[in-house]
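Quick look at protein.tsv (TSV, C-alpha atoms):
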```
chain	number	residue	atom	x	y	z
A	1	MET	CA	-5.66	6.65	10.33
A	2	HIS	CA	-5.82	3.88	7.73
A	3	GLU	CA	-8.46	2.39	10.05
A	4	TYR	CA	-10.96	4.80	8.46
A	5	THR	CA	-10.26	3.53	4.94
A	6	ILE	CA	-10.88	0.01	6.17
A	7	ALA	CA	-13.96	1.07	8.17
A	8	GLU	CA	-15.55	2.63	5.08
A	9	ALA	CA	-14.92	-0.48	2.98
A	10	LEU	CA	-16.43	-2.65	5.74
A	11	VAL	CA	-19.57	-0.53	5.88
A	12	GLY	CA	-19.96	-0.99	2.11
A	13	GLN	CA	-19.68	-4.77	2.43
A	14	ILE	CA	-22.14	-4.96	5.32
A	15	GLU	CA	-24.62	-2.74	3.47
A	16	ARG	CA	-24.47	-5.13	0.52
A	17	ILE	CA	-25.14	-8.14	2.77
A	18	ALA	CA	-28.06	-6.26	4.37
A	19	ARG	CA	-29.53	-5.61	0.91
A	20	GLU	CA	-29.29	-9.33	0.12
A	21	HIS	CA	-31.35	-10.11	3.25
A	22	PRO	CA	-34.30	-7.72	3.20
A	23	GLY	CA	-36.08	-7.25	6.51
A	24	CYS	CA	-33.05	-8.34	8.52
A	25	MET	CA	-30.74	-6.33	10.74
A	26	VAL	CA	-27.01	-6.92	10.85
A	27	ARG	CA	-26.18	-7.40	14.53
A	28	SER	CA	-22.48	-8.14	14.50
A	29	ALA	CA	-19.58	-8.66	12.15
A	30	VAL	CA	-16.34	-10.58	12.74
A	31	VAL	CA	-13.17	-9.33	11.04
A	32	ALA	CA	-9.72	-10.97	11.09
A	33	ILE	CA	-6.78	-8.59	10.85
A	34	GLY	CA	-3.11	-9.53	10.55
A	35	GLY	CA	-0.43	-8.08	12.81
A	36	LEU	CA	1.44	-6.52	9.88
A	37	ARG	CA	-1.55	-4.23	9.29
A	38	ARG	CA	-0.89	-2.42	12.57
A	39	ILE	CA	-4.58	-1.79	13.12
A	40	VAL	CA	-5.69	-0.42	16.48
A	41	PRO	CA	-9.01	-2.22	17.15
A	42	ASP	CA	-10.48	0.70	19.14
A	43	ILE	CA	-9.78	3.16	16.33
A	44	LEU	CA	-11.25	0.75	13.79
A	45	ARG	CA	-14.42	0.34	15.87
A	46	PHE	CA	-14.68	4.12	16.36
A	47	GLY	CA	-14.17	4.77	12.63
A	48	PHE	CA	-16.65	2.03	11.79
A	49	GLU	CA	-19.30	3.54	14.07
A	50	GLY	CA	-18.89	6.91	12.34
A	51	ALA	CA	-18.91	5.47	8.83
A	52	ALA	CA	-21.90	3.23	9.61
A	53	ALA	CA	-24.10	6.01	11.01
A	54	GLY	CA	-27.22	6.42	8.87
A	55	THR	CA	-26.53	3.23	6.88
A	56	ALA	CA	-27.81	-0.35	7.11
A	57	ALA	CA	-24.57	-1.14	9.00
A	58	ALA	CA	-25.44	1.24	11.86
A	59	GLY	CA	-25.49	-0.50	15.22
A	60	THR	CA	-23.42	-3.47	14.03
A	61	ASP	CA	-21.16	-4.76	16.79
A	62	LEU	CA	-17.69	-5.10	15.27
A	63	VAL	CA	-15.61	-8.02	16.61
A	64	VAL	CA	-11.93	-7.68	15.72
A	65	GLU	CA	-9.84	-10.89	15.74
A	66	HIS	CA	-6.08	-10.55	15.71
A	67	VAL	CA	-4.13	-12.83	13.34
A	68	PRO	CA	-0.51	-13.13	14.48
A	69	ILE	CA	2.40	-12.77	12.09
A	70	ARG	CA	3.79	-16.28	11.51
A	71	ILE	CA	6.92	-17.16	9.55
A	72	HIS	CA	8.66	-20.29	8.34
A	73	CYS	CA	12.47	-20.32	8.30
A	74	HIS	CA	14.01	-21.85	5.16
A	75	ARG	CA	17.28	-22.26	7.05
A	76	CYS	CA	16.29	-24.22	10.18
A	77	ASN	CA	12.68	-25.11	9.25
A	78	ALA	CA	11.30	-23.56	12.46
A	79	GLU	CA	7.84	-22.06	12.40
A	80	SER	CA	7.46	-19.04	14.68
A	81	GLU	CA	5.03	-16.38	15.76
A	82	LEU	CA	6.32	-12.79	15.79
A	83	ASP	CA	5.17	-10.08	18.19
A	84	GLU	CA	6.80	-7.39	16.06
A	85	PRO	CA	7.18	-7.35	12.26
A	86	ILE	CA	10.86	-8.26	12.43
A	87	TYR	CA	11.30	-10.91	9.77
A	88	LEU	CA	14.19	-12.78	11.33
A	89	CYS	CA	13.86	-16.37	12.52
A	90	PRO	CA	13.69	-16.26	16.36
A	91	ALA	CA	15.23	-19.75	16.45
A	92	CYS	CA	18.35	-19.23	14.31
A	93	GLY	CA	18.37	-15.49	13.60
A	94	HIS	CA	18.32	-15.86	9.84
A	95	GLY	CA	16.39	-13.58	7.47
A	96	ASP	CA	15.65	-16.25	4.85
A	97	VAL	CA	12.03	-16.65	5.95
A	98	ALA	CA	8.61	-16.98	4.32
A	99	ALA	CA	5.60	-15.18	5.75
A	100	LEU	CA	2.75	-17.58	6.57
A	101	SER	CA	0.28	-15.05	7.93
A	102	GLY	CA	0.04	-11.47	9.13
A	103	ASP	CA	-1.33	-9.42	6.23
A	104	GLU	CA	-4.97	-10.60	6.60
A	105	LEU	CA	-7.78	-8.11	6.21
A	106	ILE	CA	-10.86	-10.31	6.09
A	107	LEU	CA	-14.54	-9.97	6.84
A	108	LYS	CA	-15.15	-13.47	8.19
A	109	SER	CA	-18.87	-13.48	8.97
A	110	VAL	CA	-21.86	-11.40	10.00
A	111	ASP	CA	-24.79	-12.20	12.28
A	112	ILE	CA	-28.23	-11.10	11.12
A	113	ASP	CA	-31.75	-11.31	12.52
A	114	ASN	CA	-35.13	-9.70	11.91
A	115	GLY	CA	-35.83	-8.84	15.53
A	116	ARG	CA	-38.35	-11.67	16.00
A	117	ASN	CA	-36.99	-14.90	14.69
A	118	SER	CA	-33.96	-16.06	12.84
A	119	CYS	CA	-33.32	-14.85	9.30
A	120	SER	CA	-32.32	-17.34	6.67
A	121	ALA	CA	-28.61	-17.43	6.11
A	122	GLU	CA	-29.31	-18.49	2.54
A	123	HIS	CA	-29.20	-15.88	-0.17
A	124	PRO	CA	-32.77	-15.07	-1.24
B	1	MET	CA	-29.82	-14.88	14.82
B	2	ALA	CA	-28.18	-16.44	11.75
B	3	GLU	CA	-24.48	-16.40	11.02
B	4	ILE	CA	-23.55	-15.72	7.41
B	5	PRO	CA	-20.03	-16.76	6.48
B	6	VAL	CA	-18.45	-14.12	4.24
B	7	LEU	CA	-14.66	-14.63	4.13
B	8	GLN	CA	-13.98	-11.71	1.83
B	9	ASN	CA	-11.11	-9.31	1.70
B	10	ILE	CA	-12.36	-6.12	3.35
B	11	LEU	CA	-10.88	-4.05	0.54
B	12	GLU	CA	-12.42	-6.30	-2.12
B	13	ALA	CA	-14.19	-3.47	-4.03
B	14	ASN	CA	-10.83	-1.78	-4.46
B	15	GLU	CA	-9.13	-5.09	-5.36
B	16	ALA	CA	-11.64	-5.66	-8.17
B	17	MET	CA	-10.80	-2.25	-9.65
B	18	ALA	CA	-7.08	-2.94	-9.19
B	19	ALA	CA	-7.47	-6.18	-11.16
B	20	GLN	CA	-9.00	-4.19	-14.03
B	21	VAL	CA	-6.11	-1.71	-13.96
B	22	ARG	CA	-3.61	-4.58	-13.94
B	23	SER	CA	-5.16	-6.41	-16.88
B	24	ARG	CA	-5.30	-3.23	-18.99
B	25	LEU	CA	-1.66	-2.47	-18.25
B	26	GLU	CA	-0.60	-6.05	-18.95
B	27	ARG	CA	-2.44	-6.07	-22.28
B	28	ALA	CA	-0.63	-2.85	-23.23
B	29	GLY	CA	2.71	-4.24	-21.99
B	30	VAL	CA	3.15	-1.39	-19.50
B	31	VAL	CA	5.03	-1.76	-16.20
B	32	ALA	CA	3.47	0.45	-13.49
B	33	LEU	CA	5.32	1.50	-10.36
B	34	ASN	CA	3.58	3.08	-7.38
B	35	PHE	CA	5.82	5.64	-5.61
B	36	ILE	CA	4.94	5.91	-1.93
B	37	GLY	CA	6.56	8.28	0.55
B	38	ALA	CA	5.87	10.96	3.15
B	39	PRO	CA	5.10	14.55	2.13
B	40	GLY	CA	8.43	16.22	1.41
B	41	ALA	CA	10.42	12.99	0.99
B	42	GLY	CA	11.20	14.09	-2.56
B	43	LYS	CA	8.97	11.89	-4.71
B	44	THR	CA	8.46	14.58	-7.37
B	45	SER	CA	12.11	15.67	-7.11
B	46	LEU	CA	13.11	12.05	-7.71
B	47	LEU	CA	10.97	12.05	-10.86
B	48	GLU	CA	12.57	15.32	-11.98
B	49	GLN	CA	15.99	13.65	-11.67
B	50	THR	CA	14.84	10.34	-13.14
B	51	LEU	CA	12.69	11.27	-16.16
B	52	PRO	CA	15.33	13.20	-18.16
B	53	ARG	CA	17.73	10.24	-17.71
B	54	LEU	CA	15.12	7.92	-19.27
B	55	HIS	CA	14.87	10.07	-22.39
B	56	GLY	CA	15.54	7.97	-25.48
B	57	ARG	CA	15.78	4.78	-23.35
B	58	LEU	CA	12.24	4.29	-22.07
B	59	SER	CA	8.92	5.95	-22.87
B	60	VAL	CA	7.18	7.00	-19.68
B	61	ALA	CA	3.96	8.60	-18.48
B	62	VAL	CA	3.13	9.78	-14.97
B	63	ILE	CA	0.01	9.89	-12.80
B	64	GLU	CA	0.34	12.51	-10.07
B	65	ALA	CA	-1.93	12.10	-7.05
B	66	ASP	CA	-2.29	14.85	-4.47
B	67	CYS	CA	-5.01	15.99	-2.11
B	68	ALA	CA	-5.04	19.37	-3.86
B	69	THR	CA	-3.35	21.46	-6.58
B	70	ALA	CA	-1.84	20.46	-9.92
B	71	ARG	CA	1.60	21.77	-8.93
B	72	ASP	CA	3.39	18.43	-9.17
B	73	ALA	CA	1.80	17.67	-12.54
B	74	GLY	CA	3.06	21.06	-13.72
B	75	ARG	CA	6.61	20.10	-12.70
B	76	ILE	CA	6.38	16.85	-14.71
B	77	LYS	CA	4.77	18.55	-17.71
B	78	ALA	CA	7.65	21.03	-17.77
B	79	LEU	CA	9.92	18.06	-18.55
B	80	GLY	CA	7.84	17.25	-21.64
B	81	ILE	CA	6.37	14.09	-20.08
B	82	GLU	CA	2.74	13.02	-20.45
B	83	VAL	CA	1.05	13.45	-17.06
B	84	VAL	CA	-2.43	13.11	-15.55
B	85	GLN	CA	-3.24	14.79	-12.24
B	86	ILE	CA	-5.60	13.13	-9.76
B	87	ASN	CA	-6.85	15.20	-6.83
B	88	THR	CA	-8.11	13.08	-3.96
B	89	GLY	CA	-9.55	15.92	-1.85
B	90	THR	CA	-9.54	14.68	1.74
B	91	GLY	CA	-8.51	11.18	0.61
B	92	CYS	CA	-5.06	10.27	1.96
B	93	HIS	CA	-4.29	7.78	-0.82
B	94	VAL	CA	-5.25	7.11	-4.42
B	95	PRO	CA	-7.81	4.28	-4.77
B	96	ALA	CA	-7.75	1.92	-7.77
B	97	HIS	CA	-10.89	3.31	-9.44
B	98	LEU	CA	-9.26	6.74	-9.85
B	99	VAL	CA	-6.23	5.10	-11.48
B	100	LEU	CA	-8.57	3.20	-13.79
B	101	GLN	CA	-10.17	6.50	-14.87
B	102	ALA	CA	-6.76	8.11	-15.35
B	103	LEU	CA	-5.70	5.29	-17.72
B	104	ASP	CA	-8.30	6.55	-20.23
B	105	ARG	CA	-6.35	9.79	-20.51
B	106	LEU	CA	-2.96	8.17	-21.14
B	107	PRO	CA	-1.41	6.83	-24.37
B	108	LEU	CA	-0.84	3.32	-22.99
B	109	GLU	CA	0.06	1.88	-26.39
B	110	ARG	CA	2.97	4.31	-26.67
B	111	ILE	CA	4.55	3.87	-23.22
B	112	GLN	CA	6.56	1.16	-21.47
B	113	LEU	CA	6.58	2.56	-17.94
B	114	LEU	CA	3.82	4.24	-15.93
B	115	ILE	CA	4.85	5.96	-12.73
B	116	ILE	CA	2.10	6.67	-10.20
B	117	GLU	CA	3.14	9.17	-7.55
B	118	ASN	CA	0.82	8.48	-4.64
B	119	VAL	CA	-0.42	11.00	-2.08
B	120	GLY	CA	2.28	11.80	0.50
B	121	ASN	CA	1.63	9.22	3.23
B	122	LEU	CA	3.47	6.10	4.45
B	123	VAL	CA	0.43	4.23	5.76
B	124	CYS	CA	-2.75	4.06	3.66
B	125	PRO	CA	-1.14	3.86	0.19
B	126	ALA	CA	0.67	0.72	1.35
B	127	GLU	CA	-2.67	-0.93	2.19
B	128	LEU	CA	-4.30	-0.45	-1.18
B	129	ASP	CA	-3.52	-2.33	-4.36
B	130	ILE	CA	-3.95	0.01	-7.32
B	131	GLY	CA	-3.00	-2.50	-10.01
B	132	GLU	CA	0.68	-1.62	-9.95
B	133	SER	CA	3.51	-4.00	-10.87
B	134	GLY	CA	5.44	-2.91	-7.77
B	135	LYS	CA	5.65	-0.35	-4.99
B	136	ILE	CA	8.66	1.94	-4.53
B	137	ALA	CA	9.26	3.33	-1.03
B	138	VAL	CA	10.72	6.85	-1.15
B	139	ILE	CA	12.11	7.97	2.19
B	140	SER	CA	14.42	10.84	3.09
B	141	VAL	CA	17.22	11.28	5.59
B	142	ALA	CA	15.37	14.20	7.22
B	143	GLU	CA	12.58	11.83	8.33
B	144	GLY	CA	14.92	9.85	10.58
B	145	ASP	CA	16.44	6.37	10.46
B	146	ASP	CA	13.61	4.61	12.31
B	147	LYS	CA	11.00	4.49	9.56
B	148	PRO	CA	11.23	0.85	8.37
B	149	GLN	CA	10.21	-0.47	11.80
B	150	LYS	CA	7.43	2.11	12.11
B	151	TYR	CA	5.88	1.47	8.70
B	152	PRO	CA	6.48	-2.26	8.15
B	153	MET	CA	3.62	-2.77	5.70
B	154	LEU	CA	5.23	-0.49	3.11
B	155	PHE	CA	8.79	-1.69	3.62
B	156	ARG	CA	7.69	-5.34	3.58
B	157	GLN	CA	5.78	-4.97	0.29
B	158	CYS	CA	7.96	-2.63	-1.73
B	159	CYS	CA	10.22	-3.84	-4.55
B	160	ALA	CA	12.81	-1.07	-4.03
B	161	VAL	CA	13.68	1.61	-1.48
B	162	VAL	CA	15.04	5.02	-2.47
B	163	LEU	CA	16.70	6.89	0.40
B	164	ASN	CA	16.75	10.54	-0.68
B	165	LYS	CA	18.72	13.52	0.70
B	166	VAL	CA	21.81	11.46	1.52
B	167	ASP	CA	23.78	14.72	1.16
B	168	LEU	CA	22.21	15.72	4.51
B	169	ILE	CA	23.57	12.72	6.45
B	170	PRO	CA	26.67	14.56	7.76
B	171	HIS	CA	24.44	17.30	9.18
B	172	THR	CA	21.97	15.04	10.99
B	173	ASP	CA	21.86	12.17	13.52
B	174	PHE	CA	20.71	9.78	10.79
B	175	ARG	CA	22.55	6.46	11.22
B	176	ARG	CA	22.63	4.70	7.89
B	177	GLU	CA	23.67	1.34	9.43
B	178	ARG	CA	20.67	1.45	11.72
B	179	PHE	CA	18.34	2.32	8.84
B	180	GLU	CA	19.72	-0.48	6.68
B	181	GLY	CA	19.81	-2.96	9.56
B	182	ASP	CA	16.16	-2.28	10.39
B	183	LEU	CA	15.17	-2.44	6.73
B	184	ARG	CA	16.84	-5.86	6.36
B	185	THR	CA	14.86	-7.26	9.29
B	186	ILE	CA	11.67	-6.46	7.39
B	187	ASN	CA	12.72	-7.06	3.80
B	188	ALA	CA	16.00	-8.94	3.56
B	189	ASP	CA	16.68	-8.58	-0.17
B	190	VAL	CA	15.00	-5.36	-1.29
B	191	PRO	CA	17.31	-3.14	-3.39
B	192	LEU	CA	18.22	0.12	-1.59
B	193	PHE	CA	19.36	3.22	-3.49
B	194	GLY	CA	20.88	6.15	-1.60
B	195	VAL	CA	20.39	9.29	-3.70
B	196	SER	CA	20.46	13.04	-3.47
B	197	CYS	CA	17.99	14.72	-5.79
B	198	ARG	CA	19.75	17.99	-4.99
B	199	THR	CA	23.22	16.92	-6.19
B	200	GLY	CA	22.24	14.01	-8.46
B	201	GLU	CA	24.37	11.59	-6.40
B	202	GLY	CA	23.31	7.95	-6.77
B	203	VAL	CA	20.55	8.66	-9.28
B	204	ASP	CA	22.23	6.81	-12.19
B	205	ALA	CA	22.32	3.50	-10.31
B	206	TRP	CA	18.63	3.88	-9.45
B	207	VAL	CA	17.73	4.73	-13.06
B	208	ASN	CA	19.60	1.68	-14.36
B	209	TRP	CA	17.67	-0.55	-11.97
B	210	LEU	CA	14.42	1.09	-13.11
B	211	ILE	CA	15.18	0.42	-16.78
B	212	GLY	CA	16.00	-3.19	-15.85
B	213	GLN	CA	12.52	-3.56	-14.37
B	214	THR	CA	10.82	-2.90	-17.69
B	215	THR	CA	12.98	-5.37	-19.56
B	216	ALA	CA	12.99	-8.06	-16.82
B	217	ARG	CA	9.21	-8.45	-16.81
```
Any chance you could give the structure as structure tokens?
Amino acid sequence: MHEYTIAEALVGQIERIAREHPGCMVRSAVVAIGGLRRIVPDILRFGFEGAAAGTAAAGTDLVVEHVPIRIHCHRCNAESELDEPIYLCPACGHGDVAALSGDELILKSVDIDNGRNSCSAEHP
Amino acid sequence: MAEIPVLQNILEANEAMAAQVRSRLERAGVVALNFIGAPGAGKTSLLEQTLPRLHGRLSVAVIEADCATARDAGRIKALGIEVVQINTGTGCHVPAHLVLQALDRLPLERIQLLIIENVGNLVCPAELDIGESGKIAVISVAEGDDKPQKYPMLFRQCCAVVLNKVDLIPHTDFRRERFEGDLRTINADVPLFGVSCRTGEGVDAWVNWLIGQTTAR
């Protein structure tokens, strides 16, 4: 259900970008989300569609990229990728680890056009 | 089609407000702790046990956030503590801009500790920075021993865990070793306090830690 909070914030960001590029439509947006966030991409897309309805973000195709949880073990120096948020080194079993990634919640880029030819990616 | 690189935190509008909250609190020398737990975990009961024990040792104010009613604020007020109620309506968490507004109604120059009791929910409040110095996870025995693995974001980020209703352990299937074991796989060093807000068991150790937080920073 936290997908809706994130969806609303995303719509706000995309609306702002649309305002900065008058005459252009936002076609798609790429977001990167870390595994620790436990986001279900389908629910995020569904929430985004609802939140975007009637705004400049309506119709934007949302591309959700998964960022795996990665840790570095201070004990054995191994760097590992975790499927589950269990912060133990898979190599040596120790809990003395540093998180390298996994809590990302980033709007990476958006694609815009004006329906005829390419819009300028530069800010007006 | 033109690609515009953005690379911004999705929750950036909230983060900007949180930064304002944090700088105001830092200027006033106030430590703010964000209490996060499920409805019924005993967040307000924990405050009712904690606040009288801080009397004469630490000056405190409270922000109470709930979807509806000022009942919890009434319980805090009855203890003679300065409190501001925030109602979030359908919102399942308190966003930073509401905390920023609430700061205007609090005597920041007279307090050392600000406790923000978030809306009962283990998910969304853990996602949002509200300018706090640290998050406190409040969980109760009645919720089951499997919560750390189910809500890793909260248990990974929090600076202390309070396990309430430990007096119920003998009457339930709650396995404390399993709870602690799971918690350690997510947050190896986080302090864990087992308390009963009904009997007062364990509360003193928690309160001493809390007082330490305001002097350590």
Residues of chain A within 8 Å of chain B, counting all atoms listed in the file, as a compact mmCIF listing (two decimals) with C-alpha atoms, in the frame of the given file:
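What follows is the written file result.txt:
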```txt
# COMPACT_ATOMS: atom_id res chain seq x y z
CA MET A 1 -5.66 6.65 10.33
CA HIS A 2 -5.82 3.88 7.73
CA THR A 5 -10.26 3.53 4.94
CA ILE A 6 -10.88 0.01 6.17
CA ALA A 9 -14.92 -0.48 2.98
CA LEU A 10 -16.43 -2.65 5.74
CA GLN A 13 -19.68 -4.77 2.43
CA LEU A 36 1.44 -6.52 9.88
CA ARG A 37 -1.55 -4.23 9.29
CA PRO A 85 7.18 -7.35 12.26
CA ILE A 86 10.86 -8.26 12.43
CA TYR A 87 11.30 -10.91 9.77
CA LEU A 88 14.19 -12.78 11.33
CA GLY A 95 16.39 -13.58 7.47
CA ASP A 96 15.65 -16.25 4.85
CA GLU A 104 -4.97 -10.60 6.60
CA LEU A 105 -7.78 -8.11 6.21
CA ILE A 106 -10.86 -10.31 6.09
CA LEU A 107 -14.54 -9.97 6.84
CA LYS A 108 -15.15 -13.47 8.19
CA SER A 109 -18.87 -13.48 8.97
CA VAL A 110 -21.86 -11.40 10.00
CA ASP A 111 -24.79 -12.20 12.28
CA ILE A 112 -28.23 -11.10 11.12
CA ASP A 113 -31.75 -11.31 12.52
CA ASN A 114 -35.13 -9.70 11.91
CA ASN A 117 -36.99 -14.90 14.69
CA SER A 118 -33.96 -16.06 12.84
CA CYS A 119 -33.32 -14.85 9.30
CA SER A 120 -32.32 -17.34 6.67
CA ALA A 121 -28.61 -17.43 6.11
```
Distance query Met17 (chain B) at most 6 Å, only C-alpha atoms, self and fewer than 2 positions along chain excluded, as a PDB file with C-alpha atoms, in the frame of the given file:
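The file below, out-v9.pdb, is the result:
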```pdb
ATOM      1  CA  ASN B  14     -10.830  -1.780  -4.460  1.00  0.00           C
ATOM      2  CA  GLU B  15      -9.130  -5.090  -5.360  1.00  0.00           C
ATOM      3  CA  ALA B  19      -7.470  -6.180 -11.160  1.00  0.00           C
ATOM      4  CA  GLN B  20      -9.000  -4.190 -14.030  1.00  0.00           C
ATOM      5  CA  ALA B  96      -7.750   1.920  -7.770  1.00  0.00           C
ATOM      6  CA  HIS B  97     -10.890   3.310  -9.440  1.00  0.00           C
TER       7      HIS B  97
END
```
Please report the interatomic distance between CA of Ile81 (chain B) and CA of Leu106 (chain B) in Å with one decimal.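 Computed distance, CA of Ile81 (chain B) to CA of Leu106 (chain B), equals 11.1 Å.
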Work out how far apart CA of Thr214 (chain B) and CA of Ala18 (chain B) are and give it in Å to one decimal.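 Distance reported for this atom pair: 19.8 Å.
The spacing separating CA of Gly50 (chain A) from CA of Cys24 (chain A) amounts to 21.2 Å.
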At most 8 Å is the cut-off: for each residue in region 103-132 of chain B with any atom that close to an atom of region 25-29 of chain B, write down the nearest atom pair and the distance in Å rounded to one decimal, counting all atoms listed in the file, chain first then increasing number, as a Markdown table.
```
| residue | atom | partner | partner_atom | distance |
| --- | --- | --- | --- | --- |
| B:Leu108 | CA | B:Ala28 | CA | 6.2 |
| B:Glu109 | CA | B:Ala28 | CA | 5.7 |
| B:Gln112 | CA | B:Gly29 | CA | 6.7 |
```
Find the spatial neighbours of Leu113 (chain B), counting only C-alpha atoms, within a cut-off of 10 Å - ignore same-chain residues fewer than 4 positions away - and output them as number ranges by chain. B: 25, 29-33, 58-62, 108, 210-211, 213-214
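Shown here are all protein and nucleic acid residues lying within 8 Å of (-14.0, -6.0, 21.6), with all atoms listed in the file considered: Pro41, Asp42, Leu62, Val63 and Val64 of chain A.
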Edge lengths and centre, in Å to one decimal, as lines of an AutoDock Vina configuration file: that's what I need for the box along x, y and z that holds all listed atoms of region 101-115 of chain A plus 3 Å on each side.
```
center_x = -17.8
center_y = -11.6
center_z = 10.8
size_x = 42.1
size_y = 12.9
size_z = 15.4
```
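The environment of region 132-136 of chain B within 8 Å, counting all atoms listed in the file and disregarding residues fewer than 6 places along the same chain, consists of Ala18, Val21, Arg22, Val31, Ala32, Leu33, Asn34, Phe35, Ile36, Gln157, Cys158, Cys159, Ala160, Val161 and Val162 of chain B.
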